[in-house]
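A.B. asks: Just final18.cif, nothing more (mmCIF, N, CA and C atoms, pLDDT in the B column; chains and numbers go by the auth columns):
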```
data_structure
loop_
_atom_site.group_PDB
_atom_site.id
_atom_site.type_symbol
_atom_site.label_atom_id
_atom_site.label_comp_id
_atom_site.label_asym_id
_atom_site.label_seq_id
_atom_site.Cartn_x
_atom_site.Cartn_y
_atom_site.Cartn_z
_atom_site.B_iso_or_equiv
_atom_site.auth_seq_id
_atom_site.auth_asym_id
ATOM 1 N N MET A 1 -1.484 -31.290 20.303 72.00 1 A
ATOM 2 C CA MET A 1 -2.728 -30.712 19.847 72.00 1 A
ATOM 3 C C MET A 1 -3.130 -31.363 18.522 72.00 1 A
ATOM 4 N N ASN A 2 -4.326 -31.872 18.464 90.00 2 A
ATOM 5 C CA ASN A 2 -4.849 -32.460 17.223 90.00 2 A
ATOM 6 C C ASN A 2 -5.489 -31.380 16.369 90.00 2 A
ATOM 7 N N ILE A 3 -5.088 -31.329 15.126 91.00 3 A
ATOM 8 C CA ILE A 3 -5.636 -30.359 14.184 91.00 3 A
ATOM 9 C C ILE A 3 -6.738 -31.028 13.382 91.00 3 A
ATOM 10 N N VAL A 4 -7.896 -30.405 13.351 95.00 4 A
ATOM 11 C CA VAL A 4 -9.036 -30.905 12.588 95.00 4 A
ATOM 12 C C VAL A 4 -8.890 -30.398 11.158 95.00 4 A
ATOM 13 N N LEU A 5 -9.014 -31.290 10.197 95.00 5 A
ATOM 14 C CA LEU A 5 -8.805 -30.929 8.792 95.00 5 A
ATOM 15 C C LEU A 5 -10.085 -30.855 7.978 95.00 5 A
ATOM 16 N N GLU A 6 -11.237 -31.082 8.605 97.00 6 A
ATOM 17 C CA GLU A 6 -12.515 -30.935 7.911 97.00 6 A
ATOM 18 C C GLU A 6 -13.400 -29.984 8.689 97.00 6 A
ATOM 19 N N SER A 7 -14.228 -29.270 7.976 97.00 7 A
ATOM 20 C CA SER A 7 -15.138 -28.311 8.582 97.00 7 A
ATOM 21 C C SER A 7 -16.474 -28.386 7.849 97.00 7 A
ATOM 22 N N THR A 8 -17.537 -28.098 8.560 98.00 8 A
ATOM 23 C CA THR A 8 -18.854 -27.995 7.931 98.00 8 A
ATOM 24 C C THR A 8 -19.116 -26.527 7.657 98.00 8 A
ATOM 25 N N ILE A 9 -19.233 -26.201 6.390 98.00 9 A
ATOM 26 C CA ILE A 9 -19.507 -24.823 5.980 98.00 9 A
ATOM 27 C C ILE A 9 -21.018 -24.656 5.860 98.00 9 A
ATOM 28 N N THR A 10 -21.528 -23.590 6.463 98.00 10 A
ATOM 29 C CA THR A 10 -22.940 -23.250 6.353 98.00 10 A
ATOM 30 C C THR A 10 -23.065 -22.030 5.453 98.00 10 A
ATOM 31 N N CYS A 11 -23.773 -22.183 4.354 98.00 11 A
ATOM 32 C CA CYS A 11 -23.943 -21.096 3.396 98.00 11 A
ATOM 33 C C CYS A 11 -24.841 -20.005 3.989 98.00 11 A
ATOM 34 N N PRO A 12 -24.384 -18.758 3.974 98.00 12 A
ATOM 35 C CA PRO A 12 -25.207 -17.674 4.503 98.00 12 A
ATOM 36 C C PRO A 12 -26.384 -17.313 3.588 98.00 12 A
ATOM 37 N N GLU A 13 -26.327 -17.759 2.341 98.00 13 A
ATOM 38 C CA GLU A 13 -27.395 -17.460 1.386 98.00 13 A
ATOM 39 C C GLU A 13 -28.574 -18.424 1.516 98.00 13 A
ATOM 40 N N CYS A 14 -28.281 -19.722 1.575 98.00 14 A
ATOM 41 C CA CYS A 14 -29.370 -20.711 1.557 98.00 14 A
ATOM 42 C C CYS A 14 -29.444 -21.559 2.828 98.00 14 A
ATOM 43 N N GLY A 15 -28.417 -21.484 3.678 98.00 15 A
ATOM 44 C CA GLY A 15 -28.406 -22.283 4.904 98.00 15 A
ATOM 45 C C GLY A 15 -27.948 -23.711 4.703 98.00 15 A
ATOM 46 N N GLY A 16 -27.582 -24.074 3.463 98.00 16 A
ATOM 47 C CA GLY A 16 -27.104 -25.426 3.186 98.00 16 A
ATOM 48 C C GLY A 16 -25.792 -25.709 3.899 98.00 16 A
ATOM 49 N N LYS A 17 -25.605 -26.925 4.342 98.00 17 A
ATOM 50 C CA LYS A 17 -24.391 -27.334 5.043 98.00 17 A
ATOM 51 C C LYS A 17 -23.633 -28.359 4.209 98.00 17 A
ATOM 52 N N SER A 18 -22.308 -28.182 4.148 98.00 18 A
ATOM 53 C CA SER A 18 -21.455 -29.078 3.372 98.00 18 A
ATOM 54 C C SER A 18 -20.159 -29.323 4.130 98.00 18 A
ATOM 55 N N ARG A 19 -19.692 -30.574 4.123 97.00 19 A
ATOM 56 C CA ARG A 19 -18.387 -30.900 4.709 97.00 19 A
ATOM 57 C C ARG A 19 -17.318 -30.613 3.662 97.00 19 A
ATOM 58 N N ALA A 20 -16.223 -30.010 4.102 97.00 20 A
ATOM 59 C CA ALA A 20 -15.132 -29.696 3.180 97.00 20 A
ATOM 60 C C ALA A 20 -13.796 -29.918 3.880 97.00 20 A
ATOM 61 N N LYS A 21 -12.822 -30.393 3.114 96.00 21 A
ATOM 62 C CA LYS A 21 -11.479 -30.580 3.635 96.00 21 A
ATOM 63 C C LYS A 21 -10.726 -29.253 3.518 96.00 21 A
ATOM 64 N N MET A 22 -10.026 -28.899 4.584 95.00 22 A
ATOM 65 C CA MET A 22 -9.300 -27.635 4.604 95.00 22 A
ATOM 66 C C MET A 22 -7.854 -27.846 4.164 95.00 22 A
ATOM 67 N N PRO A 23 -7.322 -26.920 3.372 91.00 23 A
ATOM 68 C CA PRO A 23 -5.904 -27.011 3.027 91.00 23 A
ATOM 69 C C PRO A 23 -5.067 -26.693 4.263 91.00 23 A
ATOM 70 N N THR A 24 -3.919 -27.328 4.379 85.00 24 A
ATOM 71 C CA THR A 24 -3.059 -27.079 5.534 85.00 24 A
ATOM 72 C C THR A 24 -2.000 -26.033 5.242 85.00 24 A
ATOM 73 N N ASP A 25 -1.798 -25.708 3.970 79.00 25 A
ATOM 74 C CA ASP A 25 -0.702 -24.818 3.603 79.00 25 A
ATOM 75 C C ASP A 25 -1.138 -23.555 2.871 79.00 25 A
ATOM 76 N N ALA A 26 -2.434 -23.261 2.861 80.00 26 A
ATOM 77 C CA ALA A 26 -2.921 -22.078 2.153 80.00 26 A
ATOM 78 C C ALA A 26 -4.300 -21.703 2.662 80.00 26 A
ATOM 79 N N CYS A 27 -4.642 -20.438 2.490 84.00 27 A
ATOM 80 C CA CYS A 27 -5.997 -19.986 2.817 84.00 27 A
ATOM 81 C C CYS A 27 -6.920 -20.306 1.646 84.00 27 A
ATOM 82 N N GLN A 28 -8.165 -20.510 1.949 92.00 28 A
ATOM 83 C CA GLN A 28 -9.159 -20.699 0.890 92.00 28 A
ATOM 84 C C GLN A 28 -10.081 -19.489 0.936 92.00 28 A
ATOM 85 N N TRP A 29 -9.940 -18.623 -0.066 94.00 29 A
ATOM 86 C CA TRP A 29 -10.679 -17.369 -0.078 94.00 29 A
ATOM 87 C C TRP A 29 -12.042 -17.472 -0.741 94.00 29 A
ATOM 88 N N PHE A 30 -12.287 -18.549 -1.476 96.00 30 A
ATOM 89 C CA PHE A 30 -13.566 -18.725 -2.143 96.00 30 A
ATOM 90 C C PHE A 30 -14.073 -20.136 -1.908 96.00 30 A
ATOM 91 N N TYR A 31 -15.391 -20.259 -1.854 97.00 31 A
ATOM 92 C CA TYR A 31 -16.029 -21.575 -1.760 97.00 31 A
ATOM 93 C C TYR A 31 -17.371 -21.457 -2.453 97.00 31 A
ATOM 94 N N ASP A 32 -17.621 -22.325 -3.412 98.00 32 A
ATOM 95 C CA ASP A 32 -18.894 -22.315 -4.130 98.00 32 A
ATOM 96 C C ASP A 32 -19.856 -23.281 -3.452 98.00 32 A
ATOM 97 N N CYS A 33 -20.973 -22.759 -2.969 98.00 33 A
ATOM 98 C CA CYS A 33 -21.966 -23.581 -2.289 98.00 33 A
ATOM 99 C C CYS A 33 -22.540 -24.609 -3.264 98.00 33 A
ATOM 100 N N PRO A 34 -22.471 -25.890 -2.920 98.00 34 A
ATOM 101 C CA PRO A 34 -23.015 -26.908 -3.820 98.00 34 A
ATOM 102 C C PRO A 34 -24.543 -26.936 -3.843 98.00 34 A
ATOM 103 N N HIS A 35 -25.177 -26.241 -2.906 98.00 35 A
ATOM 104 C CA HIS A 35 -26.635 -26.234 -2.828 98.00 35 A
ATOM 105 C C HIS A 35 -27.262 -25.140 -3.688 98.00 35 A
ATOM 106 N N CYS A 36 -26.706 -23.926 -3.596 98.00 36 A
ATOM 107 C CA CYS A 36 -27.330 -22.810 -4.332 98.00 36 A
ATOM 108 C C CYS A 36 -26.388 -22.134 -5.321 98.00 36 A
ATOM 109 N N GLY A 37 -25.098 -22.501 -5.302 98.00 37 A
ATOM 110 C CA GLY A 37 -24.138 -21.928 -6.240 98.00 37 A
ATOM 111 C C GLY A 37 -23.533 -20.607 -5.805 98.00 37 A
ATOM 112 N N ALA A 38 -23.896 -20.095 -4.623 98.00 38 A
ATOM 113 C CA ALA A 38 -23.343 -18.824 -4.158 98.00 38 A
ATOM 114 C C ALA A 38 -21.837 -18.964 -3.954 98.00 38 A
ATOM 115 N N ARG A 39 -21.098 -17.945 -4.303 98.00 39 A
ATOM 116 C CA ARG A 39 -19.652 -17.925 -4.062 98.00 39 A
ATOM 117 C C ARG A 39 -19.417 -17.228 -2.724 98.00 39 A
ATOM 118 N N LEU A 40 -18.936 -18.006 -1.760 98.00 40 A
ATOM 119 C CA LEU A 40 -18.671 -17.478 -0.432 98.00 40 A
ATOM 120 C C LEU A 40 -17.267 -16.912 -0.374 98.00 40 A
ATOM 121 N N ARG A 41 -17.154 -15.799 0.345 97.00 41 A
ATOM 122 C CA ARG A 41 -15.868 -15.146 0.590 97.00 41 A
ATOM 123 C C ARG A 41 -15.755 -14.912 2.091 97.00 41 A
ATOM 124 N N PRO A 42 -14.540 -14.737 2.598 97.00 42 A
ATOM 125 C CA PRO A 42 -14.408 -14.483 4.034 97.00 42 A
ATOM 126 C C PRO A 42 -15.068 -13.170 4.445 97.00 42 A
ATOM 127 N N LYS A 43 -15.540 -13.135 5.686 96.00 43 A
ATOM 128 C CA LYS A 43 -16.046 -11.890 6.259 96.00 43 A
ATOM 129 C C LYS A 43 -14.854 -10.955 6.459 96.00 43 A
ATOM 130 N N PRO A 44 -15.086 -9.638 6.480 95.00 44 A
ATOM 131 C CA PRO A 44 -13.983 -8.708 6.744 95.00 44 A
ATOM 132 C C PRO A 44 -13.294 -9.061 8.069 95.00 44 A
ATOM 133 N N GLY A 45 -11.974 -9.148 8.017 92.00 45 A
ATOM 134 C CA GLY A 45 -11.198 -9.469 9.202 92.00 45 A
ATOM 135 C C GLY A 45 -10.879 -10.944 9.367 92.00 45 A
ATOM 136 N N ASP A 46 -11.571 -11.816 8.630 92.00 46 A
ATOM 137 C CA ASP A 46 -11.282 -13.255 8.669 92.00 46 A
ATOM 138 C C ASP A 46 -10.326 -13.594 7.535 92.00 46 A
ATOM 139 N N CYS A 47 -9.524 -14.655 7.747 89.00 47 A
ATOM 140 C CA CYS A 47 -8.515 -14.993 6.734 89.00 47 A
ATOM 141 C C CYS A 47 -9.036 -15.914 5.645 89.00 47 A
ATOM 142 N N CYS A 48 -10.117 -16.662 5.923 94.00 48 A
ATOM 143 C CA CYS A 48 -10.572 -17.617 4.914 94.00 48 A
ATOM 144 C C CYS A 48 -12.052 -17.968 5.123 94.00 48 A
ATOM 145 N N VAL A 49 -12.616 -18.694 4.180 96.00 49 A
ATOM 146 C CA VAL A 49 -14.032 -19.053 4.267 96.00 49 A
ATOM 147 C C VAL A 49 -14.318 -19.981 5.438 96.00 49 A
ATOM 148 N N PHE A 50 -13.328 -20.786 5.846 96.00 50 A
ATOM 149 C CA PHE A 50 -13.549 -21.692 6.977 96.00 50 A
ATOM 150 C C PHE A 50 -13.669 -20.917 8.285 96.00 50 A
ATOM 151 N N CYS A 51 -12.874 -19.866 8.432 94.00 51 A
ATOM 152 C CA CYS A 51 -12.957 -19.046 9.645 94.00 51 A
ATOM 153 C C CYS A 51 -14.269 -18.256 9.686 94.00 51 A
ATOM 154 N N SER A 52 -14.818 -17.932 8.532 97.00 52 A
ATOM 155 C CA SER A 52 -16.072 -17.164 8.483 97.00 52 A
ATOM 156 C C SER A 52 -17.315 -18.045 8.529 97.00 52 A
ATOM 157 N N TRP A 53 -17.329 -19.124 7.769 98.00 53 A
ATOM 158 C CA TRP A 53 -18.561 -19.890 7.575 98.00 53 A
ATOM 159 C C TRP A 53 -18.498 -21.331 8.055 98.00 53 A
ATOM 160 N N GLY A 54 -17.328 -21.772 8.512 97.00 54 A
ATOM 161 C CA GLY A 54 -17.168 -23.147 8.961 97.00 54 A
ATOM 162 C C GLY A 54 -17.385 -23.311 10.456 97.00 54 A
ATOM 163 N N ASP A 55 -17.607 -24.543 10.872 97.00 55 A
ATOM 164 C CA ASP A 55 -17.757 -24.823 12.296 97.00 55 A
ATOM 165 C C ASP A 55 -16.414 -25.085 12.969 97.00 55 A
ATOM 166 N N VAL A 56 -15.343 -25.175 12.155 94.00 56 A
ATOM 167 C CA VAL A 56 -13.981 -25.331 12.658 94.00 56 A
ATOM 168 C C VAL A 56 -13.114 -24.327 11.895 94.00 56 A
ATOM 169 N N PRO A 57 -12.291 -23.525 12.595 93.00 57 A
ATOM 170 C CA PRO A 57 -11.421 -22.588 11.878 93.00 57 A
ATOM 171 C C PRO A 57 -10.300 -23.317 11.142 93.00 57 A
ATOM 172 N N CYS A 58 -9.623 -22.605 10.267 92.00 58 A
ATOM 173 C CA CYS A 58 -8.553 -23.196 9.463 92.00 58 A
ATOM 174 C C CYS A 58 -7.390 -23.678 10.337 92.00 58 A
ATOM 175 N N PRO A 59 -6.567 -24.621 9.828 91.00 59 A
ATOM 176 C CA PRO A 59 -5.460 -25.177 10.607 91.00 59 A
ATOM 177 C C PRO A 59 -4.498 -24.142 11.210 91.00 59 A
ATOM 178 N N PRO A 60 -4.060 -23.085 10.477 88.00 60 A
ATOM 179 C CA PRO A 60 -3.165 -22.114 11.124 88.00 60 A
ATOM 180 C C PRO A 60 -3.807 -21.424 12.335 88.00 60 A
ATOM 181 N N VAL A 61 -5.067 -21.122 12.273 89.00 61 A
ATOM 182 C CA VAL A 61 -5.764 -20.500 13.403 89.00 61 A
ATOM 183 C C VAL A 61 -5.905 -21.506 14.541 89.00 61 A
ATOM 184 N N GLN A 62 -6.178 -22.764 14.209 89.00 62 A
ATOM 185 C CA GLN A 62 -6.242 -23.797 15.242 89.00 62 A
ATOM 186 C C GLN A 62 -4.911 -23.923 15.983 89.00 62 A
ATOM 187 N N LYS A 63 -3.809 -23.756 15.250 86.00 63 A
ATOM 188 C CA LYS A 63 -2.479 -23.851 15.849 86.00 63 A
ATOM 189 C C LYS A 63 -2.087 -22.566 16.567 86.00 63 A
ATOM 190 N N GLN A 64 -2.983 -21.577 16.545 81.00 64 A
ATOM 191 C CA GLN A 64 -2.755 -20.262 17.147 81.00 64 A
ATOM 192 C C GLN A 64 -1.554 -19.553 16.526 81.00 64 A
ATOM 193 N N ARG A 65 -1.421 -19.755 15.245 69.00 65 A
ATOM 194 C CA ARG A 65 -0.354 -19.081 14.492 69.00 65 A
ATOM 195 C C ARG A 65 -0.885 -17.921 13.689 69.00 65 A
ATOM 196 N N GLY A 66 -2.114 -17.543 13.929 67.00 66 A
ATOM 197 C CA GLY A 66 -2.696 -16.452 13.178 67.00 66 A
ATOM 198 C C GLY A 66 -3.177 -16.898 11.813 67.00 66 A
ATOM 199 N N CYS A 67 -3.367 -15.933 10.992 68.00 67 A
ATOM 200 C CA CYS A 67 -3.904 -16.161 9.655 68.00 67 A
ATOM 201 C C CYS A 67 -2.919 -16.902 8.777 68.00 67 A
ATOM 202 N N CYS A 68 -3.449 -17.484 7.701 61.00 68 A
ATOM 203 C CA CYS A 68 -2.658 -18.267 6.742 61.00 68 A
ATOM 204 C C CYS A 68 -1.475 -17.490 6.203 61.00 68 A
#
```
Take the structure from the file and write it as structure tokens.
C.D. replies:
Amino acid sequence: MNIVLESTITCPECGGKSRAKMPTDACQWFYDCPHCGARLRPKPGDCCVFCSWGDVPCPPVQKQRGCC
């Protein structure tokens, strides 16, 4: 199984899209939108900003190992 290490995050505030590299050994709970400056946090029940706002979930979820 190939693990994707980059995701496109779509800001829920401004709709801006940004490519970001995902950490393989930790969750990322915050992401500052480079377009509008909004601080993104995971939705309730999601482990990280990539699982909530990215087009690819984080590596642990991709590996079906659950949350970070």
A.B. asks: Could you please determine the separation between atom CA of Pro59 of chain A and atom CA of Pro44 of chain A in Å, to one decimal place?
C.D. replies: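 Straight-line distance from atom CA of Pro59 of chain A to atom CA of Pro44 of chain A works out to 18.9 Å.
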A.B. asks: Quick check, in Å to one decimal: how far apart do atom C of Thr8 of chain A and atom C of Asp46 of chain A lie?
C.D. replies: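 If I compute the distance from atom C of Thr8 of chain A to atom C of Asp46 of chain A, I get 15.6 Å.
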A.B. asks: Would you write out, as a PyMOL selection string, every residue that the PyMOL selection byres (((chain A and resi 14 and name CA) around 12) and name CA) captures in this file?
C.D. replies: chain A and resi 9-13+15-18+33-40
A.B. asks: Which of these, A:Thr24, A:Lys63, A:Trp53, A:Asp32, has the shortest distance to Met1 of chain A once you count only N, CA and C atoms?
C.D. replies: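 Smallest separation from Met1 of chain A among the options: A:Lys63.
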A.B. asks: Which residue out of A:Cys51, A:Val61, A:Val56, A:Cys27 has the minimum interatomic distance to Glu6 of chain A when only N, CA and C atoms are used?
C.D. replies: A:Val56
A.B. asks: Identify which of the residues A:Asp25, A:Phe30, A:Pro57, A:Arg41 lies closest to Val4 of chain A, counting only N, CA and C atoms when measuring atom-to-atom distances.
C.D. replies: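 Of the candidates, the smallest distance to Val4 of chain A is held by A:Pro57.
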